[in-house]
Amino acid sequence: MSAREDILKAVAANQPSSKLLPVVDISAVIAYDDVIKQFTTVLESIGGKVISIPDLQSVKEEMATGTQQGKVMVNAIPELGTIDQTLAEATAHQLAAVDTFFTKGIIGVAENGSVWVAESNMLNRLLPFICQHLVLLVEKKNIVATMHHAYQQVDTFSEGFGAFIAGPSKTADIEQSLVIGAHGARSLVVYLL
Amino acid sequence: MKTQDHAKAAEAFIKDEPRTDWHDETLWFIRTKRDKSVHGIPEWEQLRQWASDIKDHTLSNLSNYLIEFEKNATANGITVHWAQDAKEHNDIILEIARGHNVKRMVKSKSMLTEECHLNPFLMEHGIEVVDTDLGERIVQLRHEPPSHIVLPAIHLKKQDVSETFHEFLHTEKGNNDPQYLAEAARQHLRNKFIESQLSLTGVNFAVAETGGFVVCTNEGNADMGAHAAAVHIACMGIEKIIPKAEHLSIFLRLLARSATGQPITTYSSHFHKPRPGQQMHLVIVDNGRTKQLGRADFKNSLKCIRCAACFNTCPVYRRSGGHSYHSTVAGPIGAILNPNLNMKENADLPFASTLCGSCSNVCPVKIDIHDQLWKWRQEISAEGHVATVKKAGMKGMAFILSRPGLYRFSGKMGRWIMRKMPFLFRNKLNPWYKQREMPKAPAKSFRDWYIKNKKS
């Protein structure tokens with residue numbers, strides 16, 4: 001018999017008698033008076049930055065300034081300018097030079113400051129991670145209270161890949177001292193529109 | 001491989017008293033961060049109950065969920081493999097690596113591959129394996145195992161890391177600044193990610209209804225590896241399955257808060273399909289888990305989501321260090337998982353506890369850890385794996401305690417000897433005298449006092 005059959009047979013023989021799935025009533029979970037305020041407070045407490053903007057003008061200028069300074073700025077937001085689709089095929093070696101990556105977040109979660117980023121907005125799965133700085137654009141109406149609401153609102157497995165991203169990458173592996181910028185982005189800015 | 005039992009290893013660990021205090025305080029600090037975070041969630045106890053019930057349900061229908069998960073993952077383009085034990089697991093990975101002519105690979109944290117001793121196996125076969133979690137990289141360079149499943153280098157001070165990095169990464173000698181050291185590791189590992197042909201990750205949760213899996217990190221190393229390399233292998237124990245994607249909401253709310261007090265890890269990555277041109281493999285491993293599933297008293301240990309809250313709160317772990325458990329998973333949860341793998345080798349572990357119950361109180365999936373520790377002690381004693389001295393002592397105690405007359409006489413003798421011949425107690429042969437002063441012997445027993453005073 002193959003390993004698969006052996007394992008499945010052993011599991012079936014040893015698993016305890018069937019227990020019911022619990023009913024998860026999400027009206028029983030925490031609610032916030034102001035989800036945007038909560039989202040901002042939490043994300044800033046974990047090293048991110050939250051800035052409310054009336055339109056995309058300031059973001060366009062930020063991208064232009066970076067480009068003028070010779071930094072590799074990559075855009076994945078149609079309203080912000082052209083998108084270089086060839087980056088989908090780029091290798092890690094090529095993407096290692098990216099300074100700032102601008103893309104859309106689908107929803108923000110107030111309880112933990114995370115933002116759901118879907119593959120269709122990544123251009124290349126590596127970009128949100130290999131860039132030195134990450135900029136996410138989230139609409140204010142898409143900030144939800146908790147993870148329960150987030151999973152109700154987005155089908156997290158509708159695409160090949162996606163991630164909740166909460167702040168810049170970090171580590172505390174050296175004597176519990178917090179260091180921002182482990183392997184992923186060194187900074188995260190969320191623009192709320 | 002075990003070289004000495006927990007008590008002996010712990011004795012060596014506590015020789016350096018300031019360092020023991022520092023270790024204790026550092027872990028307690030993480031426990032207090034957990035508490036602060038948890039107190040911000042009024043429904044915390046409800047979340048724990050839901051998580052526990054979902055895991056109970058899943059374990060009771062595990063064979064169907066495994067089949068459902070395999071079917072959906074395969075439809076997503078993921079190649080699913082099954083391994084009964086560590087050897088099969090390692091062979092599968094070597095075969096995939098050889099199939100792609102892999103010379104270099106990167107790994108993010110996977111306690112399962114530690115359990116299977118994958119790294120030394122692959123290196124014997126000429127493949128360079130680089131652990132990319134900062135803590136894991138530190139201990140890998142030092143040829144040490146991780147001492148904690150979430151914080152692998154928690155036993156080290158920044159001076160130790162500085163010395164290791166000076167030797168291997170040529171950082172400035174004596175520069176102990178964590179920022180500087182972490183930056184050096186970032187640069188060093190960036191090259192490894194870019195050059196790597198194969199990336200291996202663990203799995204935090206595998207979702208039966210979608211055939212996808214979730215990997216959580218703070219550093220971003222799982223993603224850097226998985227999205228850069230041409231081949232991604234994810235390894236999971238059979239117990240990582242959860243039924244539906246919506247259940248992730250509960251587990252992701254619990255995991256990081258329990259582990260470090262963070263509201264969520266920086267990255268909670270949902271892998272569903274390989275990217276175009278990429279190969280994605282998933283290895284589902286038993287390695288003793290089906291046996292544990294069949295042990296009515298211990299099956300609950302398979303609900304564990306590896307947050308390590310029980311480590312951080314445990315007074316014995318905090319004051320004995322992870323290495324004294326001579327196992328991949330240390331701490332209270334390790335002490336109930338490891339005897340299943342090898343009861344004789346790990347017979348000491350369930351005794352490395354005060355049975356205070358703090359582990360069970362912080363466990364996000366409500367595993368009855370301290371009850372299981374106590375049950376393992378009985379199982380181990382029945383199997384005859386208890387040290388002769390301890391067994392003789394227990395037998396003697398049982399003999400005396402079951403004979404009230406003898407018990408009273410022994411008490412009287414003991415008090416008399418303690419008063420008249422204290423040297424008989426104050427010596428190295430008495431383990432209760434180690435690091436303690438013996439109490440002053442009372443003139444009479446509580447029983448005598450009670451009889452005399454009860455009527456007044």
# chains A, B, ... in the order shown; residues from 1 in each chain; ligands from 1
>>> interface_residues(of="chain A", to="chain B", cutoff="7 Å", atoms="only C-alpha atoms", output="short mmCIF file (atom, residue, chain, number, x, y, z; two decimals) with C-alpha atoms, in the first residue's frame")
data_model
loop_
_atom_site.label_atom_id
_atom_site.label_comp_id
_atom_site.auth_asym_id
_atom_site.auth_seq_id
_atom_site.Cartn_x
_atom_site.Cartn_y
_atom_site.Cartn_z
CA ALA A 3 1.90 6.05 2.08
CA ARG A 4 -1.29 7.91 1.18
CA ILE A 7 -2.04 7.33 6.40
CA LEU A 8 -5.68 7.76 5.43
CA ALA A 10 -4.74 5.02 10.07
CA VAL A 11 -6.49 8.39 10.37
CA ALA A 12 -9.90 6.85 9.67
CA ASN A 14 -8.00 6.40 14.94
CA GLN A 15 -10.03 9.59 14.59
CA PRO A 16 -12.47 10.19 17.46
CA SER A 17 -16.23 10.09 16.97
CA SER A 18 -17.62 12.97 14.95
CA LYS A 19 -18.08 16.34 16.62
CA LEU A 20 -20.11 19.21 15.18
CA LEU A 21 -18.63 22.41 13.79
CA PRO A 22 -19.46 25.35 16.09
CA VAL A 29 -17.33 40.12 18.41
CA ILE A 30 -15.86 43.53 19.12
CA ALA A 92 14.05 38.26 -8.43
CA HIS A 93 17.39 39.61 -9.59
CA ASN A 112 -5.08 44.58 13.51
CA ARG A 125 4.05 38.13 -6.52
CA LEU A 126 7.45 39.25 -5.34
CA PHE A 129 7.89 41.84 -0.49
CA ILE A 130 11.09 42.61 -2.36
CA MET A 147 -10.97 39.48 10.44
CA HIS A 148 -14.43 37.88 10.48
CA TYR A 151 -13.28 36.99 5.23
CA PHE A 157 -8.69 32.12 -2.34
CA GLY A 160 -3.67 32.22 -7.05
CA PHE A 161 -2.15 34.19 -4.19
CA GLY A 162 -2.95 36.96 -1.74
CA ALA A 163 -1.79 38.25 1.63
CA PHE A 164 -2.85 40.25 4.62
CA ILE A 165 0.00 42.71 5.13
CA ALA A 166 0.24 44.49 8.48
CA GLY A 167 3.02 47.05 8.64
CA PRO A 168 6.64 46.84 7.47
CA SER A 169 8.61 43.60 7.81
CA LYS A 170 10.21 43.21 11.22
CA THR A 171 12.11 40.95 13.54
CA ASP A 173 15.09 37.71 16.99
CA ILE A 174 18.11 39.51 18.45
CA GLU A 175 17.47 39.79 22.17
CA SER A 177 14.92 44.21 20.21
CA VAL A 179 14.13 45.95 14.19
CA ALA A 182 13.85 42.28 8.13
CA HIS A 183 13.56 40.72 4.66
CA GLY A 184 10.51 42.48 3.26
#
>>> select_by_dssp(residues="stretch 214-389 of chain B", states="alpha helix (DSSP H)", output="PyMOL selection string")
chain B and resi 221-228+248-259+289-293+309-313+315-318+331-341+358-362+369-382+388-389
>>> atom_distance(atom1="atom CA of B:Gly384", atom2="atom CA of B:Lys344")
8.9 Å
>>> residues_around(residues="A:Leu188", least_positions_apart="6", cutoff="8 Å", atoms="only C-alpha atoms", output="list in words")
Gly47, Gly48, Lys49, His133, Leu134, Val135, Leu136, Gly167 and Pro168 of chain A
>>> select_by_dssp(residues="stretch 25-134 of chain A", states="strand (DSSP E or B)", output="JSON, numbers by chain")
{"A": [49, 50, 51, 52, 73, 74, 75, 100, 101, 102, 103, 104, 107, 108, 109, 114, 115, 116, 117, 118, 133, 134]}
>>> write_last_selection(atoms="C-alpha atoms", output="tab-separated table (two decimals), in the first residue's frame")
chain	number	residue	atom	x	y	z
A	49	LYS	CA	2.01	55.01	8.58
A	50	VAL	CA	-1.54	56.05	7.68
A	51	ILE	CA	-2.26	59.21	5.68
A	52	SER	CA	-5.69	60.44	4.60
A	73	MET	CA	9.38	53.40	-8.55
A	74	VAL	CA	6.89	50.73	-9.65
A	75	ASN	CA	3.22	51.45	-10.11
A	100	THR	CA	8.99	51.79	-3.87
A	101	PHE	CA	5.98	49.78	-5.00
A	102	PHE	CA	2.55	51.43	-5.24
A	103	THR	CA	-0.53	49.24	-5.30
A	104	LYS	CA	-4.11	48.91	-4.15
A	107	ILE	CA	-9.74	46.02	2.38
A	108	GLY	CA	-8.24	47.20	5.64
A	109	VAL	CA	-8.91	45.53	9.01
A	114	SER	CA	-3.72	44.60	8.12
A	115	VAL	CA	-4.56	45.16	4.46
A	116	TRP	CA	-5.61	42.44	2.02
A	117	VAL	CA	-3.53	42.60	-1.15
A	118	ALA	CA	-4.64	40.35	-4.02
A	133	HIS	CA	9.16	50.58	0.58
A	134	LEU	CA	5.54	49.62	0.11
>>> decode(residues="stretch 89-113 of chain A", atoms="N, CA and C atoms", output="PDB file, in the first residue's frame")
ATOM      1  N   GLU A  89       6.935  39.150 -15.647  1.00  0.00           N
ATOM      2  CA  GLU A  89       7.912  38.121 -16.010  1.00  0.00           C
ATOM      3  C   GLU A  89       9.288  38.369 -15.374  1.00  0.00           C
ATOM      4  N   ALA A  90       9.410  39.476 -14.643  1.00  0.00           N
ATOM      5  CA  ALA A  90      10.734  39.850 -14.128  1.00  0.00           C
ATOM      6  C   ALA A  90      11.239  38.839 -13.095  1.00  0.00           C
ATOM      7  N   THR A  91      12.552  38.681 -13.042  1.00  0.00           N
ATOM      8  CA  THR A  91      13.141  37.755 -12.073  1.00  0.00           C
ATOM      9  C   THR A  91      13.425  38.480 -10.759  1.00  0.00           C
ATOM     10  N   ALA A  92      13.720  37.696  -9.741  1.00  0.00           N
ATOM     11  CA  ALA A  92      14.047  38.265  -8.431  1.00  0.00           C
ATOM     12  C   ALA A  92      15.249  39.208  -8.560  1.00  0.00           C
ATOM     13  N   HIS A  93      16.186  38.814  -9.385  1.00  0.00           N
ATOM     14  CA  HIS A  93      17.388  39.606  -9.589  1.00  0.00           C
ATOM     15  C   HIS A  93      17.038  40.997 -10.100  1.00  0.00           C
ATOM     16  N   GLN A  94      16.120  41.050 -11.069  1.00  0.00           N
ATOM     17  CA  GLN A  94      15.718  42.346 -11.628  1.00  0.00           C
ATOM     18  C   GLN A  94      14.909  43.162 -10.618  1.00  0.00           C
ATOM     19  N   LEU A  95      14.039  42.474  -9.872  1.00  0.00           N
ATOM     20  CA  LEU A  95      13.156  43.206  -8.954  1.00  0.00           C
ATOM     21  C   LEU A  95      13.872  43.688  -7.699  1.00  0.00           C
ATOM     22  N   ALA A  96      15.052  43.165  -7.454  1.00  0.00           N
ATOM     23  CA  ALA A  96      15.792  43.546  -6.247  1.00  0.00           C
ATOM     24  C   ALA A  96      16.121  45.038  -6.232  1.00  0.00           C
ATOM     25  N   ALA A  97      16.064  45.678  -7.395  1.00  0.00           N
ATOM     26  CA  ALA A  97      16.405  47.100  -7.468  1.00  0.00           C
ATOM     27  C   ALA A  97      15.227  48.015  -7.135  1.00  0.00           C
ATOM     28  N   VAL A  98      14.036  47.455  -6.960  1.00  0.00           N
ATOM     29  CA  VAL A  98      12.848  48.289  -6.760  1.00  0.00           C
ATOM     30  C   VAL A  98      12.914  49.025  -5.418  1.00  0.00           C
ATOM     31  N   ASP A  99      12.720  50.339  -5.489  1.00  0.00           N
ATOM     32  CA  ASP A  99      12.721  51.132  -4.261  1.00  0.00           C
ATOM     33  C   ASP A  99      11.324  51.159  -3.652  1.00  0.00           C
ATOM     34  N   THR A 100      10.347  51.667  -4.420  1.00  0.00           N
ATOM     35  CA  THR A 100       8.993  51.791  -3.869  1.00  0.00           C
ATOM     36  C   THR A 100       7.980  51.152  -4.808  1.00  0.00           C
ATOM     37  N   PHE A 101       7.040  50.417  -4.219  1.00  0.00           N
ATOM     38  CA  PHE A 101       5.982  49.779  -4.999  1.00  0.00           C
ATOM     39  C   PHE A 101       4.643  50.346  -4.549  1.00  0.00           C
ATOM     40  N   PHE A 102       3.863  50.836  -5.514  1.00  0.00           N
ATOM     41  CA  PHE A 102       2.549  51.425  -5.237  1.00  0.00           C
ATOM     42  C   PHE A 102       1.472  50.479  -5.732  1.00  0.00           C
ATOM     43  N   THR A 103       0.583  50.077  -4.836  1.00  0.00           N
ATOM     44  CA  THR A 103      -0.527  49.242  -5.295  1.00  0.00           C
ATOM     45  C   THR A 103      -1.759  49.424  -4.420  1.00  0.00           C
ATOM     46  N   LYS A 104      -2.836  48.780  -4.862  1.00  0.00           N
ATOM     47  CA  LYS A 104      -4.109  48.910  -4.147  1.00  0.00           C
ATOM     48  C   LYS A 104      -4.281  47.808  -3.120  1.00  0.00           C
ATOM     49  N   GLY A 105      -4.835  48.166  -1.974  1.00  0.00           N
ATOM     50  CA  GLY A 105      -5.276  47.164  -1.011  1.00  0.00           C
ATOM     51  C   GLY A 105      -6.780  47.037  -1.139  1.00  0.00           C
ATOM     52  N   ILE A 106      -7.296  45.815  -1.054  1.00  0.00           N
ATOM     53  CA  ILE A 106      -8.736  45.614  -1.264  1.00  0.00           C
ATOM     54  C   ILE A 106      -9.518  46.062  -0.027  1.00  0.00           C
ATOM     55  N   ILE A 107      -9.093  45.580   1.143  1.00  0.00           N
ATOM     56  CA  ILE A 107      -9.740  46.022   2.381  1.00  0.00           C
ATOM     57  C   ILE A 107      -8.700  46.211   3.488  1.00  0.00           C
ATOM     58  N   GLY A 108      -9.067  47.029   4.451  1.00  0.00           N
ATOM     59  CA  GLY A 108      -8.236  47.198   5.637  1.00  0.00           C
ATOM     60  C   GLY A 108      -8.998  46.652   6.836  1.00  0.00           C
ATOM     61  N   VAL A 109      -8.261  46.130   7.831  1.00  0.00           N
ATOM     62  CA  VAL A 109      -8.911  45.527   9.006  1.00  0.00           C
ATOM     63  C   VAL A 109      -8.563  46.345  10.248  1.00  0.00           C
ATOM     64  N   ALA A 110      -9.597  46.922  10.863  1.00  0.00           N
ATOM     65  CA  ALA A 110      -9.376  47.856  11.968  1.00  0.00           C
ATOM     66  C   ALA A 110      -8.710  47.199  13.176  1.00  0.00           C
ATOM     67  N   GLU A 111      -9.097  45.964  13.504  1.00  0.00           N
ATOM     68  CA  GLU A 111      -8.594  45.364  14.752  1.00  0.00           C
ATOM     69  C   GLU A 111      -7.092  45.096  14.737  1.00  0.00           C
ATOM     70  N   ASN A 112      -6.494  44.939  13.524  1.00  0.00           N
ATOM     71  CA  ASN A 112      -5.078  44.582  13.510  1.00  0.00           C
ATOM     72  C   ASN A 112      -4.237  45.376  12.509  1.00  0.00           C
ATOM     73  N   GLY A 113      -4.843  46.322  11.814  1.00  0.00           N
ATOM     74  CA  GLY A 113      -4.085  47.174  10.904  1.00  0.00           C
ATOM     75  C   GLY A 113      -3.611  46.486   9.635  1.00  0.00           C
TER      76      GLY A 113
END
